[in-house]
Every structure is written in structure tokens, then in C-alpha cells.
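Enquirer: Input: one structure, supplied below.
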Amino acid sequence: MKKGKVVGLEGSFAVAEAVRMANADVIAAYPITPQTHIVERLSELVADGELDAEFICVESEHTAMSACVGASAAGARVFTCTAGQGLELMHEVLYIPSSMRLPVVAVIANRALSAPLTVWCDHSDVMAIRDIGWIQMFAENNQQAFDLTLCAYRIAEDNEVLFPTMVHLDGFYLSHVIEDMVLPDEEDVTGFIPEYKYPFTLDPDKPVSMGCYGPPFIYPETKRAQEVAFENTRPKILGTWKEFGDTFGRYYSPVEKYKMEDAKIALLTMGSCSETAMLAIDEMREEGKDVGLIRLRLWRPFPFKEFRDAVKDIELLVVLDRCISFGMGGPVCSEVKSALYDKRERPNIVGFIGGLGGRDIPIEGFKSLIQRALEKVKAIERGEEIETEMIGIRE
Amino acid sequence: MEKEEEELFVPRLVTTEENFARGHRACIGCGEALAVRHVCKALGKNVIIVTATGCIEIISSLLPQTSWRVPWIHTLFENVAAVVSGIESAYKARVRKGKIPDKEVKFVGFAGDGATSDIGLQALSGAMERGHNFLYCCFDNEAYMNTGIQRSSSTPYGAWTTTAPVGKKSIGQATWKKNMPEIAVAHKIPYVATACPSYPFDLMDKVKKGAEIEGPAYIHIFSPCPTGWRYPTNLTIEMGRLAVEAGVFPLYEVINGEYRLSFDFPELKPVREYMKEQRRFRHLTDDIIEKIQARVEEEYFRLREKAGVK
Ligand SMILES: Cc1ncc(C[n+]2csc(CCOP(=O)(O)OP(=O)(O)O)c2C)c(N)n1
Ligand code: SF4
Ligand SMILES: [Mg+2]
């Protein structure tokens with residue numbers, strides 16, 4: 001097992017450190033709170049000669065992603081990062097690397113969306129880009145932000161994958177918080193991430209045309225090929241995480257389970273609030289309740305098998321969404337419901353929306369979620385219609 | 001036959017190599033496709049071309065075929081300069097890190113007037129300001145032709161387009177053409193030029209210069225479009241010549257801020273002559289044509305002054 005050293009690092013610095021160790025060639029990014037510390041740190045690393053990369057100080061996020069697309073097509077290992085409004089401004093470009101199979105790596109410091117203007121965390125930005133065709137995963141602490149960023153390069157650039165990969169870390173909760181974490185030795189990281197060799201670079205010696213025009217007689221076939229290839233990334237993602245675990249001692253899985261062994265009730269969360277949720281589970285366990293926690297680590301491709309497996313023995317699944325799909329409830333709740341629709345045996349599912357725009361959810365909040373959910377199940381059994389409840393709102 | 005004639009007329013001056021291959025789907029008489037062909041001849045093989053959504057991309061890249069014999073990429077409408085920035089930076093970094101040998105590859109962006117002076121202006125301004133080593137060619141056919149002749153900020157005053165239609169309360173385009181080359185000049189980049197495929201040697205010389213110069217270079221290429229301008233398809237070369245001779249589209253270079261006229265016409269042809277065959281202008285009344293004439297003269301003589309022509 002490779003060791004490394006324990007350091008105290010801010011989440012943003014942890015990400016920058018991963019990009020440095022991965023020896024990225026081109027970084028194109030535009031500042032936005034709460035991602036700013038990542039771009040600032042990377043600028044510093046480049047300015048000090050600690051990372052030999054071209055840092056393109058672009059004039060917008062649209063350009064940041066476009067420059068990453070160009071750089072990746074020209075064979076460079078690339079990085080960008082953004083948040084909230086910046087991710088929305090990128091939106092159009094995000095479909096390009098996934099459709100053209102360019103392994104761009106991006107880190108998002110999740111942020112709520114305007115209006116009203118806010119800089120604080122929720123998952124509205126992520127949920128608006130669910131269908132972009134990127135591999136997407138969630139970190140819950142700074143160690144994970146570091147580890148998953150490294151893994152993102154390894155996964156994305158695998159010649160059997162070649163899909164852009166995105167790591168989500170909660171703005172402020174992780175980006176601006178200093179935590180203890182293990183920083184591996186650089187040689188070990190270099191061993192884990194091989195040099196990037198894109199098979200079809202833009203090269204005058206071997207001309208290729210990229211991004212051609214696809215009318216109806218061919219467009220659906222290109223999309224089918226993309227979907228098949230995307231589905232095929234699943235074993236590669238699992239394999240990379242296994243190898244990472246075997247090398248560095250920290251294992252990741254698409255669906256993480258906490259105290260789920262004999263649980264009858266499970267709470268489902270994503271991102272940093274999962275750590276608070278764990279404390280709530282601990283307390284409820286002490287109170288003798290059969291509760292556990294499920295966290296979605298892999299968001300795309302959606303981990304159907306692992307998720308169905310995780311909930312097969314429970315009676316109630318309580319889903320917390322940090323986003324609202326207006327007129328539809330919580331997007332994660334909708335997705336997990338649809339993931340279980342084909343199963344004859346499935347738990348009751350109750351969704352809540354909370355933690356919008358940086359509103360904290362304390363331990364008590366998670367405990368009362370479970371309580372409220374049990375009441376709602378009773379209401380469902382009485383044949384009543386239930387609505388998605390927003391928690392922690394002042395009336 | 002066609003090829004032989006080419007060799008007969010210009011054996012030592014122009015390569016017969018076509019890096020923008022025949023068989024593309026441009027309309028008959030397309031000035032833009034002709035300009036692209038000339039530009040590609042001048043650029044040669046050691047180049048990477050990025051193209052914006054628009055006529056050029058649509059006519060040249062219908063899957064599973066391609067007209068491009070050099071490495072070529074299209075992604076979106078408004079981000080050509082951004083994608084070029086990324087490619088150029090990737091090349092720089094990889095050469096510096098010893099991952100590839102330096103073969104002095106040229107990086108070139110191709111975009112229409114809409115992709116340049118409207119939706120892609122920010123990305124272009126950013127790339128010029130950052131000083132990437134690239135050449136940007138704007139193919140100006142004075143409207144969004146690919147989507148059906150809608151007006152752009154580069155459409156001339158008085159022209160009919162589908163979104164600047166002529167009506168009881170409209171003369172067509174009611175604004176004056178945005179001066180995109182001047183916007184490029186304002187970025188203080190080392191090379192800015194205007195060109196037109198009716199003057200192929202001038203065009204190719206400028207492309208070579210722009211590609212050789214270290215830093216950003218911008219060439220604005222007047223690209224007559226029979227489909228959008230509503231003139232007979234055999235008049236494309238004529239349209240370009242008349243535009244230049246009437247002072248509507250003067251050909252010049254700005255090298256490190258110094259203006260130089262490529263062709264000077266102390267006596268301009270009347271704009272009416274240039275407009276005559278184009279049905280996009282046929283509704284214009286005499287007083288509007290006079291207004292246009294006055295503006296063209298004013299701008300042309302101001303340009304002459306900048307170029308130091310007495
Ligand atoms: C974001 C976006 N908006 C609009 C379009 C539709 N569109 C595609 S090409 C085009 C016009 C192209 O005009 P121009 O750049 O002048 O090129 P031309 O076709 O005239 O050569 C438009 C409006 C698009 N593809 N993307
Ligand atoms: S519409 Fe105009 S610019 Fe487009 S292909 Fe036809 S002639 Fe060329
Ligand atoms: Mg146009």
C-alpha cells in the first residue's frame with residue numbers, strides 16, 4: 001500500500017494539487033465563487049513553475065470549455081472548473097466533448113442558481129446538466145475531491161472510455177474548508193495516471209475531420225454508438241476505483257452504504273451533507289432505529305444495479321434533493337423512483353427538498369426527515385396524495 | 001480539362017494542390033467556397049483549421065464525407081476563436097514538455113460574418129487580446145446565409161434580408177455595417193487585412209503573411225453570395241470587383257498599426273453600379289442610394305488618409 005503524508009488542505013487546494021500531480025498540459029478556466037480558489041491556486045502553481053501547463057485566462061466559461069475541447073482534440077491533458085452560473089454558461093459546449101469523445105476533466109464547486117443572486121451551495125447547477133453525456137461523480141470531503149479528480153483522469157483518458165468526466169464538490173462546504181487528508185507521493189500518482197495518448201489528435205501528418213454535420217440518415221446511429229460506449233464505461237469506472245483502492249487504500253463504489261446491514265429505512269443523499277447525515281444515522285441507531293444511509297457517488301452513468309441492490313431489503317427510502325425541479329419535485333427522487341419502477345418489490349419512496357442556496361441541514365433536520373417520511377407513508381397508505389415537502393422553510 | 005486550364009494560366013504562381021476538396025455542396029457561384037479554396041491553397045498542409053457553424057461547415061462536412069484534406073474541427077457557432085486558443089495552447093505546452101516535435105504548425109479559424117461580428121465576437125476579442133498565435137479568417141457574405149439570409153451586424157445599410165424585410169415601414173437593413181476589421185485593429189494585433197476572392201493573388205499573399213506573423217492575425221474576406229444577394233451566379237467575381245472599385249469594400253492591410261491600401265481608386269465607381277445586379281438592393285430609392293454613396297465616399301477617403309495617400 002502506498003502511503004503519502006497527512007496534510008491539512010482546503011478542498012480547492014486539494015483539487016489543484018490533484019491537477020498538478022496529474023501534470024495537466026492546458027487549463028482554461030474563468031473565476032466564479034465558490035470555485036475561485038481552484039483557479040487562483042492553479043494560476044499560482046503555473047506562475048511558480050510547479051506545474052508546466054498553459055493556463056488560458058479565458059473571458060468566459062463558454063470559452064473555457066471550448067478551449068478545453070480544442071486542447072483535448074489536439075492531444076493535451078486538460079482541466080477546467082466552474083460553478084453555478086458558469087456551468088450554465090458552458091451548457092451548450094458540454095455536449096461537445098461527450099459527443100466527440102474528448103476526455104476533458106472538470107471539477108464543479110456546486111452552487112445554486114440565480115435569481116435571486118446567490119453564491120452558496122446546492123445542486124441546481126448539476127441537475128440542469130444531467131443529460132450532457134459526461135461521467136459524473138460526487139465527492140463528500142476533501143480527500144474524496146482529491147482522489148476522485150485523479151481517478152477522473154484515469155477513467156476519462158482510458159482508450160476504451162474516452163468520455164469527459166466531472167467531479168462535483170459542494171461549494172464552500174468543501175471548496176473553502178480545510179480538512180486533514182492524505183496526500184500521496186507524486187511518483188505513486190504518476191504511476192497511477194499514465195501519459196495521455198489520444199488516438200485521433202488533430203495532426204497535419206494524419207489529417208482527420210472532427211465534428212462533422214449529421215443529418216437524419218446518420219445522426220441516430222451516432223447517438224446509439226455514443227450511448228453504447230457510455231454504458232461500456234461502467235466496468236472501467238469500477239476497475240479504476242478498485243485499482244485506486246488497491247494502490248492507495250481508499251476504495252470507492254458507485255453507491256456507498258452506511259449502516260445498511262439490517263436497515264429497514266434508508267436515507268439517500270449526495271455530496272457533503274452526507275457526512276452530517278451519517279451523524280444523524282449514528283444517533284438514530286443509538287435510539288434503536290433501523291436506519292441506514294445510501295449515498296450516490298456515481299451520478300452518470302446511473303448505477304442502476306448497485307442502487308437496486310442497495311435498497312432491495314428496505315421498506316422506506318427517504319430521498320433528499322438539494323434542487324427543485326419546478327412543478328415536478330426533486331430530480332434525484334424522480335430518478336430513483338424510475339430506477340425502481342420495474343421492480344415488483346420496492347420500498348416506499350418519499351422525497352424532500354432541502355439545503356437550497358446554502359441553507360444548512362443540521363443533524364436534527366435529517367432526523368426529522370425520517371419522522372416526516374414515516375408520517376407520509378401512513379398518509380399514502382390512507383390513499384392520500386402527498387407532495388414533495390421543502391424542509392426548513394420559514395412560513 | 002478544368003485542371004489543365006488552371007496549370008496553363010498560372011503555372012508558377014499557384015499550387016494545383018486542393019486542400020479544400022471538390023465535391024462540396026456549396027451553391028453554384030458561391031464566393032465563400034471560392035475564398036475558402038484560395039485560403040487553403042495559401043495555407044498548405046501544415047495547418048489545423050477550426051470552422052464555425054455556417055455555410056462553410058455545412059457544405060463541407062456532411063457525414064460520412066469531408067472536403068478537408070487537412071486536420072479540421074467544427075464544434076459550435078460562436079466559439080471558433082476559443083477552440084483555436086485551446087489547440088494553440090495544447091501545441092505550445094506539448095512542444096515545451098517534449099511530447100511532440102515543433103513543426104511550426106499554423107492554427108487557423110474560419111467563420112462567417114455572423115459567427116464573427118455577432119455571436120462569436122467575445123470569443124474572438126478574448127483570443128486576440130490574449131495574443132494566441134493564430135490566423136482568423138472571417139468570410140463575410142453579409143448575412144446569416146446558412147439559416148436562410150437573416151441580417152447580421154455585417155449586413156449593409158438598405159439590404160433586404162429575411163429578418164430585415166422590405167415593407168411599408170422598412171427599407172430593409174436600417175443600420176450601417178459593423179466595421180469588423182477596425183475592431184480587430186483596436187486590439188492592436190500585428191496583422192489585419194481585408195481581402196476578396198476576386199483578387200486571388202492579393203488574398204493568398206495576405207493569408208501567407210497572416211499565417212507567418214507571430215501573434216494574432218485577422219483577415220476579413222468579402223464573399224459574394226448569389227443565393228443571398230439575389231444576383232446571377234456567373235457574376236460572383238464581378239460583384240467582388242465592383243465592391244472594391246466602388247469603395248464599398250476597400251482592400252487594405254494594417255501591419256503593426258500601419259495602414260496600407262492594397263489597391264487605390266482615386267475615382268470610385270458609383271455604388272449604384274455595384275448594387276444594380278443585386279436584388280437585395282433593388283427596392284432602394286435614389287435618395288437612399290445617395291445617402292449610401294456619401295457614406296461610402298466618406299469612409300473610403302478617411303481610410304485613404306489613414307494609409308497616408310494624398
Ligand atoms: C448558438 C446558436 N445560435 C444559432 C444557431 C443557428 N445558426 C447556425 S449558422 C447561423 C448563421 C451563420 O451565419 P454566418 O456566420 O454569417 O455564416 P454563413 O452561413 O453566412 O456563411 C445561425 C444563425 C446556432 N447554430 N447556434
Ligand atoms: S448560401 Fe451563399 S454562402 Fe452559402 S453556400 Fe450558398 S452561395 Fe455560398
Ligand atoms: Mg454570413
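Starting from 1 in every chain, residues are counted up; chains themselves are A, B, ... following the order of the C-alpha cells, and ligands are numbered from 1 as listed.
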Excluding Val78 in chain A and its own-chain neighbours fewer than 3 positions away, which residues fall within 8 Å of it when counting only C-alpha atoms? Please give them as a PyMOL selection string.
Expert: chain A and resi 24-28+68+71-72+104-105
Enquirer: Restricted to C-alpha atoms, what would the selected residues look like written as a CSV table (one decimal), in the first residue's frame?
Expert:
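Result file is again39.csv:
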```csv
chain,number,residue,atom,x,y,z
A,24,ALA,CA,-2.1,18.7,-16.9
A,25,ASP,CA,-1.0,20.4,-20.1
A,26,VAL,CA,-3.7,23.0,-20.6
A,27,ILE,CA,-6.0,24.7,-18.1
A,28,ALA,CA,-8.7,27.0,-19.2
A,68,CYS,CA,-10.6,22.5,-23.4
A,71,ALA,CA,-6.8,21.4,-26.5
A,72,SER,CA,-8.1,17.9,-25.9
A,104,VAL,CA,-11.9,16.7,-20.7
A,105,VAL,CA,-11.8,16.7,-16.9
```
Enquirer: Return as an MDAnalysis selection string the residues of protein, DNA or RNA that approach ligand 2 to within 9 Å, with only C-alpha atoms and all ligand atoms taken into account.
Expert: chainID B and resid 25:34 54:56 58:59 112 139:141 143:149 223:229 233
Enquirer: Have a look at A:Asn159, A:Ser209, A:Asn23, A:Ser43 and name the one nearest to chain B; count only C-alpha atoms.
Expert: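 Comparing A:Asn159, A:Ser209, A:Asn23, A:Ser43 against chain B, the winner is A:Ser209.
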Enquirer: Near chain A, which residues of chain B fall within 6 Å when you count only C-alpha atoms, and what do they look like as a list in words?
Expert: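 Using only C-alpha atoms, chain B residues at most 6 Å from chain A: Asn46, Ser61, Leu62, Leu63, Val70, Pro71, Trp72, Ile73, His74, Thr75, Ala82, Val83, Ser85, Gly86, Ile87, Ser89, Ala90, Ala93 and Gly126 of chain B.
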Enquirer: Write out as a PyMOL selection string the residues lying within 8 Å of Ile221 in chain B, counting only C-alpha atoms and excluding same-chain residues fewer than 5 positions away.
Expert: chain B and resi 35+137-140+194-197
Enquirer: Write the selection just made, keeping all heavy atoms, as a PDB file, in the first residue's frame?
Expert:
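Dumped everything to again04.pdb:
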```pdb
ATOM      1  N   ALA B  35     -13.430  31.541 -51.839  1.00  0.00           N
ATOM      2  CA  ALA B  35     -12.465  32.169 -50.931  1.00  0.00           C
ATOM      3  C   ALA B  35     -11.797  31.117 -50.043  1.00  0.00           C
ATOM      4  O   ALA B  35     -10.579  31.144 -49.837  1.00  0.00           O
ATOM      5  CB  ALA B  35     -13.169  33.226 -50.078  1.00  0.00           C
ATOM      6  N   CYS B 137      -9.887  33.935 -40.183  1.00  0.00           N
ATOM      7  CA  CYS B 137     -10.461  34.414 -41.443  1.00  0.00           C
ATOM      8  C   CYS B 137     -11.964  34.530 -41.289  1.00  0.00           C
ATOM      9  O   CYS B 137     -12.644  33.534 -41.030  1.00  0.00           O
ATOM     10  CB  CYS B 137     -10.159  33.443 -42.584  1.00  0.00           C
ATOM     11  SG  CYS B 137      -8.406  33.267 -42.923  1.00  0.00           S
ATOM     12  N   CYS B 138     -12.464  35.741 -41.458  1.00  0.00           N
ATOM     13  CA  CYS B 138     -13.914  35.937 -41.456  1.00  0.00           C
ATOM     14  C   CYS B 138     -14.379  35.974 -42.910  1.00  0.00           C
ATOM     15  O   CYS B 138     -13.905  36.790 -43.697  1.00  0.00           O
ATOM     16  CB  CYS B 138     -14.265  37.252 -40.763  1.00  0.00           C
ATOM     17  SG  CYS B 138     -15.999  37.698 -40.991  1.00  0.00           S
ATOM     18  N   PHE B 139     -15.289  35.086 -43.261  1.00  0.00           N
ATOM     19  CA  PHE B 139     -15.849  35.058 -44.621  1.00  0.00           C
ATOM     20  C   PHE B 139     -17.173  35.811 -44.586  1.00  0.00           C
ATOM     21  O   PHE B 139     -18.170  35.305 -44.061  1.00  0.00           O
ATOM     22  CB  PHE B 139     -16.022  33.608 -45.091  1.00  0.00           C
ATOM     23  CG  PHE B 139     -14.707  32.888 -45.198  1.00  0.00           C
ATOM     24  CD1 PHE B 139     -14.183  32.191 -44.111  1.00  0.00           C
ATOM     25  CD2 PHE B 139     -13.964  32.939 -46.368  1.00  0.00           C
ATOM     26  CE1 PHE B 139     -12.961  31.558 -44.194  1.00  0.00           C
ATOM     27  CE2 PHE B 139     -12.729  32.296 -46.461  1.00  0.00           C
ATOM     28  CZ  PHE B 139     -12.232  31.602 -45.370  1.00  0.00           C
ATOM     29  N   ASP B 140     -17.122  37.018 -45.118  1.00  0.00           N
ATOM     30  CA  ASP B 140     -18.247  37.941 -44.944  1.00  0.00           C
ATOM     31  C   ASP B 140     -19.165  37.904 -46.173  1.00  0.00           C
ATOM     32  O   ASP B 140     -18.860  38.504 -47.204  1.00  0.00           O
ATOM     33  CB  ASP B 140     -17.681  39.355 -44.727  1.00  0.00           C
ATOM     34  CG  ASP B 140     -18.782  40.369 -44.439  1.00  0.00           C
ATOM     35  OD1 ASP B 140     -19.967  39.971 -44.368  1.00  0.00           O
ATOM     36  OD2 ASP B 140     -18.448  41.563 -44.284  1.00  0.00           O
ATOM     37  N   THR B 194      -7.977  43.118 -45.244  1.00  0.00           N
ATOM     38  CA  THR B 194      -9.216  42.756 -45.926  1.00  0.00           C
ATOM     39  C   THR B 194      -8.824  42.123 -47.252  1.00  0.00           C
ATOM     40  O   THR B 194      -7.762  42.417 -47.805  1.00  0.00           O
ATOM     41  CB  THR B 194     -10.108  43.981 -46.178  1.00  0.00           C
ATOM     42  OG1 THR B 194      -9.405  44.874 -47.046  1.00  0.00           O
ATOM     43  CG2 THR B 194     -10.466  44.697 -44.884  1.00  0.00           C
ATOM     44  N   ALA B 195      -9.687  41.244 -47.742  1.00  0.00           N
ATOM     45  CA  ALA B 195      -9.374  40.545 -48.992  1.00  0.00           C
ATOM     46  C   ALA B 195     -10.666  40.146 -49.671  1.00  0.00           C
ATOM     47  O   ALA B 195     -11.755  40.266 -49.090  1.00  0.00           O
ATOM     48  CB  ALA B 195      -8.510  39.318 -48.708  1.00  0.00           C
ATOM     49  N   CYS B 196     -10.522  39.675 -50.918  1.00  0.00           N
ATOM     50  CA  CYS B 196     -11.693  39.297 -51.697  1.00  0.00           C
ATOM     51  C   CYS B 196     -11.250  38.276 -52.739  1.00  0.00           C
ATOM     52  O   CYS B 196     -10.201  38.464 -53.375  1.00  0.00           O
ATOM     53  CB  CYS B 196     -12.261  40.550 -52.359  1.00  0.00           C
ATOM     54  SG  CYS B 196     -13.567  40.201 -53.541  1.00  0.00           S
ATOM     55  N   PRO B 197     -12.007  37.208 -52.937  1.00  0.00           N
ATOM     56  CA  PRO B 197     -11.570  36.181 -53.900  1.00  0.00           C
ATOM     57  C   PRO B 197     -11.528  36.674 -55.343  1.00  0.00           C
ATOM     58  O   PRO B 197     -10.960  36.008 -56.207  1.00  0.00           O
ATOM     59  CB  PRO B 197     -12.597  35.051 -53.726  1.00  0.00           C
ATOM     60  CG  PRO B 197     -13.783  35.671 -53.075  1.00  0.00           C
ATOM     61  CD  PRO B 197     -13.263  36.823 -52.265  1.00  0.00           C
TER      62      PRO B 197
END
```
Enquirer: I'd like the neighbourhood of range 237-245 of chain B as a list in words, where a residue qualifies if any of its atoms comes within 8 Å (using only C-alpha atoms), though same-chain residues fewer than 3 positions away should be ignored.
Expert: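 Counting only C-alpha atoms, the residues come to Gly31, Cys196, Pro197, Ser198, Tyr199, Phe222, Ser223, Pro224, Asn234, Val248, Phe249, Pro250, Leu251, Phe265, Leu268, Lys269, Val271, Glu273 and Tyr274 of chain B.
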Enquirer: Can you tell me, as a PyMOL selection string, what residues are no more than 8 Å from Ser262 in chain B when counting only C-alpha atoms, ignoring any on the same chain fewer than 5 positions away?
Expert: chain B and resi 202+251-253
